[in-house]
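Source file: data_17.pdb. Holds: PDB, C-alpha atoms, pLDDT in the B column.
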MODEL        1
ATOM      1  CA  MET S   1      38.832  17.908  40.904  1.00 80.00           C
ATOM      2  CA  ALA S   2      36.796  15.206  42.669  1.00 88.00           C
ATOM      3  CA  GLY S   3      33.604  16.992  41.652  1.00 93.00           C
ATOM      4  CA  ARG S   4      34.632  16.978  37.998  1.00 94.00           C
ATOM      5  CA  VAL S   5      35.490  13.282  38.129  1.00 94.00           C
ATOM      6  CA  ALA S   6      32.125  12.495  39.704  1.00 95.00           C
ATOM      7  CA  ALA S   7      30.256  14.642  37.167  1.00 95.00           C
ATOM      8  CA  LEU S   8      32.022  12.967  34.249  1.00 95.00           C
ATOM      9  CA  ARG S   9      31.303   9.509  35.707  1.00 95.00           C
ATOM     10  CA  ARG S  10      27.602  10.402  35.855  1.00 96.00           C
ATOM     11  CA  VAL S  11      27.607  11.504  32.210  1.00 95.00           C
ATOM     12  CA  LEU S  12      29.492   8.367  31.170  1.00 95.00           C
ATOM     13  CA  ALA S  13      27.039   6.154  33.064  1.00 95.00           C
ATOM     14  CA  ALA S  14      24.108   7.872  31.382  1.00 95.00           C
ATOM     15  CA  ARG S  15      25.573   7.915  27.851  1.00 94.00           C
ATOM     16  CA  ARG S  16      27.579   4.668  27.994  1.00 93.00           C
ATOM     17  CA  PRO S  17      30.051   5.485  25.200  1.00 94.00           C
ATOM     18  CA  GLN S  18      32.461   2.875  23.886  1.00 95.00           C
ATOM     19  CA  VAL S  19      35.368   5.331  23.832  1.00 96.00           C
ATOM     20  CA  LEU S  20      36.176   8.618  25.538  1.00 96.00           C
ATOM     21  CA  VAL S  21      38.650  10.898  23.741  1.00 95.00           C
ATOM     22  CA  SER S  22      40.243  13.435  26.041  1.00 94.00           C
ATOM     23  CA  PHE S  23      42.372  16.480  25.196  1.00 90.00           C
ATOM     24  CA  LEU S  24      44.780  18.360  27.471  1.00 84.00           C
ATOM     25  CA  THR S  25      46.718  17.152  30.470  1.00 84.00           C
ATOM     26  CA  LYS S  26      44.284  18.022  33.282  1.00 86.00           C
ATOM     27  CA  ASN S  27      41.327  16.651  31.349  1.00 91.00           C
ATOM     28  CA  ASN S  28      43.277  13.478  30.604  1.00 92.00           C
ATOM     29  CA  LEU S  29      43.812  12.930  34.316  1.00 91.00           C
ATOM     30  CA  ILE S  30      40.121  13.519  35.071  1.00 94.00           C
ATOM     31  CA  ALA S  31      39.101  11.209  32.222  1.00 96.00           C
ATOM     32  CA  ALA S  32      41.440   8.462  33.421  1.00 95.00           C
ATOM     33  CA  LEU S  33      39.984   8.644  36.919  1.00 94.00           C
ATOM     34  CA  ALA S  34      36.394   8.831  35.677  1.00 96.00           C
ATOM     35  CA  THR S  35      36.673   5.851  33.329  1.00 96.00           C
ATOM     36  CA  THR S  36      38.459   3.568  35.786  1.00 94.00           C
ATOM     37  CA  GLY S  37      36.383   0.449  36.303  1.00 94.00           C
ATOM     38  CA  THR S  38      33.774   1.374  33.682  1.00 95.00           C
ATOM     39  CA  GLY S  39      35.036  -0.652  30.727  1.00 95.00           C
ATOM     40  CA  ILE S  40      35.030   2.516  28.612  1.00 97.00           C
ATOM     41  CA  ARG S  41      38.097   2.773  26.408  1.00 96.00           C
ATOM     42  CA  LEU S  42      40.176   5.917  26.798  1.00 97.00           C
ATOM     43  CA  VAL S  43      42.241   7.851  24.255  1.00 96.00           C
ATOM     44  CA  CYS S  44      44.249  10.743  25.681  1.00 94.00           C
ATOM     45  CA  SER S  45      45.700  13.487  23.522  1.00 91.00           C
ATOM     46  CA  GLU S  46      48.699  15.281  24.965  1.00 85.00           C
ATOM     47  CA  ARG S  47      48.983  18.657  23.237  1.00 80.00           C
ATOM     48  CA  ASN S  48      51.922  19.994  25.257  1.00 75.00           C
ATOM     49  CA  ASN S  49      55.541  19.228  25.798  1.00 71.00           C
ATOM     50  CA  PRO S  50      55.349  17.682  29.293  1.00 67.00           C
ATOM     51  CA  GLU S  51      58.960  18.649  29.981  1.00 68.00           C
ATOM     52  CA  ARG S  52      57.989  22.320  29.750  1.00 71.00           C
ATOM     53  CA  GLN S  53      55.039  22.122  32.154  1.00 71.00           C
ATOM     54  CA  ALA S  54      55.639  23.390  35.663  1.00 72.00           C
ATOM     55  CA  ALA S  55      53.631  20.742  37.492  1.00 71.00           C
ATOM     56  CA  HIS S  56      53.608  19.700  41.124  1.00 78.00           C
ATOM     57  CA  PRO S  57      55.473  16.403  41.721  1.00 80.00           C
ATOM     58  CA  LEU S  58      52.229  14.768  42.927  1.00 84.00           C
ATOM     59  CA  TRP S  59      50.559  15.770  39.666  1.00 77.00           C
ATOM     60  CA  ASN S  60      53.393  14.173  37.685  1.00 77.00           C
ATOM     61  CA  LEU S  61      53.116  10.991  39.752  1.00 83.00           C
ATOM     62  CA  LEU S  62      49.363  10.793  39.124  1.00 84.00           C
ATOM     63  CA  LEU S  63      49.904  11.261  35.401  1.00 82.00           C
ATOM     64  CA  ARG S  64      52.561   8.520  35.341  1.00 81.00           C
ATOM     65  CA  LEU S  65      50.150   6.141  37.066  1.00 87.00           C
ATOM     66  CA  LEU S  66      46.925   7.113  35.323  1.00 88.00           C
ATOM     67  CA  TYR S  67      48.250   7.315  31.767  1.00 89.00           C
ATOM     68  CA  ARG S  68      48.527   3.518  32.110  1.00 91.00           C
ATOM     69  CA  ARG S  69      44.712   3.546  32.101  1.00 91.00           C
ATOM     70  CA  ALA S  70      44.660   4.936  28.546  1.00 95.00           C
ATOM     71  CA  ASP S  71      44.262   2.617  25.583  1.00 96.00           C
ATOM     72  CA  ALA S  72      46.178   5.117  23.437  1.00 96.00           C
ATOM     73  CA  ILE S  73      48.012   8.403  23.992  1.00 94.00           C
ATOM     74  CA  VAL S  74      48.307  10.737  21.025  1.00 93.00           C
ATOM     75  CA  CYS S  75      51.307  13.071  20.722  1.00 89.00           C
ATOM     76  CA  GLN S  76      52.063  15.676  18.069  1.00 85.00           C
ATOM     77  CA  THR S  77      55.766  14.895  17.657  1.00 84.00           C
ATOM     78  CA  ASP S  78      58.066  11.942  18.088  1.00 83.00           C
ATOM     79  CA  ALA S  79      60.244  14.127  20.322  1.00 81.00           C
ATOM     80  CA  VAL S  80      57.462  14.338  22.923  1.00 82.00           C
ATOM     81  CA  ARG S  81      57.364  10.536  23.164  1.00 82.00           C
ATOM     82  CA  ARG S  82      60.539  10.538  25.274  1.00 82.00           C
ATOM     83  CA  CYS S  83      58.692  12.482  27.990  1.00 81.00           C
ATOM     84  CA  PHE S  84      56.508   9.498  28.828  1.00 83.00           C
ATOM     85  CA  PRO S  85      57.471   6.637  31.111  1.00 82.00           C
ATOM     86  CA  ALA S  86      58.436   3.314  29.575  1.00 86.00           C
ATOM     87  CA  SER S  87      55.247   1.777  31.001  1.00 87.00           C
ATOM     88  CA  VAL S  88      53.097   3.646  28.451  1.00 89.00           C
ATOM     89  CA  ARG S  89      55.408   4.022  25.443  1.00 88.00           C
ATOM     90  CA  GLY S  90      53.682   1.131  23.670  1.00 92.00           C
ATOM     91  CA  LYS S  91      50.439   3.132  23.777  1.00 94.00           C
ATOM     92  CA  LEU S  92      51.889   6.264  22.172  1.00 93.00           C
ATOM     93  CA  VAL S  93      50.783   7.298  18.707  1.00 93.00           C
ATOM     94  CA  THR S  94      52.202  10.310  16.884  1.00 91.00           C
ATOM     95  CA  ILE S  95      49.813  12.324  14.748  1.00 89.00           C
ATOM     96  CA  ALA S  96      51.565  15.404  13.446  1.00 83.00           C
ATOM     97  CA  ASN S  97      49.773  18.644  12.727  1.00 78.00           C
ATOM     98  CA  PRO S  98      48.056  18.165   9.354  1.00 78.00           C
ATOM     99  CA  VAL S  99      48.795  21.652   8.084  1.00 76.00           C
ATOM    100  CA  PRO S 100      52.350  22.318   6.911  1.00 75.00           C
ATOM    101  CA  PRO S 101      53.878  25.681   7.732  1.00 69.00           C
ATOM    102  CA  PRO S 102      53.338  28.191   4.939  1.00 74.00           C
ATOM    103  CA  ASP S 103      56.209  29.051   2.650  1.00 78.00           C
ATOM    104  CA  VAL S 104      56.434  32.760   3.379  1.00 74.00           C
ATOM    105  CA  PRO S 105      59.203  34.726   1.688  1.00 77.00           C
ATOM    106  CA  ARG S 106      61.316  36.716   4.126  1.00 76.00           C
ATOM    107  CA  ALA S 107      63.384  39.808   3.650  1.00 76.00           C
ATOM    108  CA  ALA S 108      67.159  39.388   3.821  1.00 81.00           C
ATOM    109  CA  GLY S 109      68.296  39.227   7.440  1.00 78.00           C
ATOM    110  CA  ASP S 110      64.779  38.799   8.820  1.00 76.00           C
ATOM    111  CA  THR S 111      64.930  35.999  11.404  1.00 73.00           C
ATOM    112  CA  ARG S 112      61.448  36.502  12.842  1.00 68.00           C
ATOM    113  CA  ARG S 113      59.029  33.654  12.356  1.00 61.00           C
ATOM    114  CA  LEU S 114      55.764  32.829  14.050  1.00 59.00           C
ATOM    115  CA  CYS S 115      55.639  29.069  14.615  1.00 59.00           C
ATOM    116  CA  ALA S 116      52.390  28.585  16.511  1.00 58.00           C
ATOM    117  CA  VAL S 117      49.649  30.375  18.319  1.00 56.00           C
ATOM    118  CA  GLY S 118      47.913  28.694  21.209  1.00 59.00           C
ATOM    119  CA  ARG S 119      47.855  29.593  24.852  1.00 58.00           C
ATOM    120  CA  LEU S 120      51.187  31.378  24.473  1.00 56.00           C
ATOM    121  CA  THR S 121      52.587  29.673  27.557  1.00 59.00           C
ATOM    122  CA  PRO S 122      56.036  28.085  27.933  1.00 59.00           C
ATOM    123  CA  GLU S 123      54.912  24.499  27.325  1.00 56.00           C
ATOM    124  CA  GLY S 124      53.748  25.397  23.816  1.00 48.00           C
ATOM    125  CA  LEU S 125      56.983  27.131  22.872  1.00 45.00           C
TER
ENDMDL
END
Represent the supplied structure as structure tokens.
Amino acid sequence: MAGRVAALRRVLAARRPQVLVSFLTKNNLIAALATTGTGIRLVCSERNNPERQAAHPLWNLLLRLLYRRADAIVCQTDAVRRCFPASVRGKLVTIANPVPPPDVPRAAGDTRRLCAVGRLTPEGL
């Protein structure tokens, strides 16, 4: 991970953006480390339910500390907001999926419904 942080810091130093927008938990952690001390604003987008991620306790501690570095943290649902520590709740913004689920007629007794397709891992379910 140190190599990725260093590589991102080099790109940021060369490009000098005003804001870095990061998606996904691991990338958010790398982005928070890479932008520390640079003056570059950071927006993290959490696309998972953190309660469903099987993460090492050290990883969770780093996230709790480094999400403080973010200027904003985007979540998809208000329910996910409760997963974040109080120290960052003021930075949370909910932006729901812009596409409503389709109204698909179902046969009587049919309870099957596909809600989402992504990585098909537990944190997305």
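The gap separating atom CA of S:Ile30 from atom CA of S:Ala13 is 15.1 Å, in Å to one decimal.
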* To do: Point out the residue among S:Leu20, S:Ala107, S:Val88, S:Cys83 with the least atom-to-atom distance to S:Thr38, counting only C-alpha atoms.
  => S:Leu20
* To do: Specify as a PyMOL selection string each residue included when the PyMOL selection byres ((chain S and resi 1) around 10) is applied to this file.
  => chain S and resi 2-7+26-27+29-30
For the selection you just gave me, I'd like the residues written to a file as a PDB file, in the frame of the given file, keeping C-alpha atoms.
ATOM      1  CA  ALA S   2      36.796  15.206  42.669  1.00 88.00           C
ATOM      2  CA  GLY S   3      33.604  16.992  41.652  1.00 93.00           C
ATOM      3  CA  ARG S   4      34.632  16.978  37.998  1.00 94.00           C
ATOM      4  CA  VAL S   5      35.490  13.282  38.129  1.00 94.00           C
ATOM      5  CA  ALA S   6      32.125  12.495  39.704  1.00 95.00           C
ATOM      6  CA  ALA S   7      30.256  14.642  37.167  1.00 95.00           C
ATOM      7  CA  LYS S  26      44.284  18.022  33.282  1.00 86.00           C
ATOM      8  CA  ASN S  27      41.327  16.651  31.349  1.00 91.00           C
ATOM      9  CA  LEU S  29      43.812  12.930  34.316  1.00 91.00           C
ATOM     10  CA  ILE S  30      40.121  13.519  35.071  1.00 94.00           C
TER      11      ILE S  30
END
* **From S:Pro100, S:Ala55, S:Arg106, S:Arg69, residue lying nearest S:Ala34 [all atoms listed in the file]** => S:Arg69
* To do: Show which residues sit within 6 Å of stretch 41-48 of chain S, as a PyMOL selection string. Count only C-alpha atoms, and ignore same-chain residues fewer than 4 positions away.
  => chain S and resi 19-24+28+70-75+123-124
* **Residue nearest S:Thr36 - candidates S:Leu8, S:Pro102, S:Asn49, S:Gln76, atoms counted: only C-alpha atoms** =>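 For S:Thr36, the nearest of the candidates is S:Leu8.
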* Just give me the gap between atom CA of S:Ala54 and atom CA of S:Ala32 in Å, one decimal is fine. =>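 Atom-to-atom, atom CA of S:Ala54 and atom CA of S:Ala32 are spaced 20.7 Å apart.
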* Hey, which of S:Val104, S:Asp78, S:Gly37, S:Ser87 ends up closest to S:Leu63? Count all atoms listed in the file. -> S:Ser87
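Here the PyMOL selection byres ((chain S and resi 96) around 7) captures the residues Gln76, Thr77, Thr94, Ile95, Asn97 and Pro98 of chain S.
Atom CA of S:Arg10 to atom CA of S:Leu62 spans 22.0 Å [interatomic distance, one decimal].
Counting only C-alpha atoms, the residue from S:Thr111, S:Val93, S:Pro57, S:Ala31 that sits nearest to S:Leu12 is S:Ala31.
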* **Pick from S:Val11, S:Ala108, S:Thr35, S:Tyr67, whichever lies nearest to S:Leu92 using only C-alpha atoms** => S:Tyr67
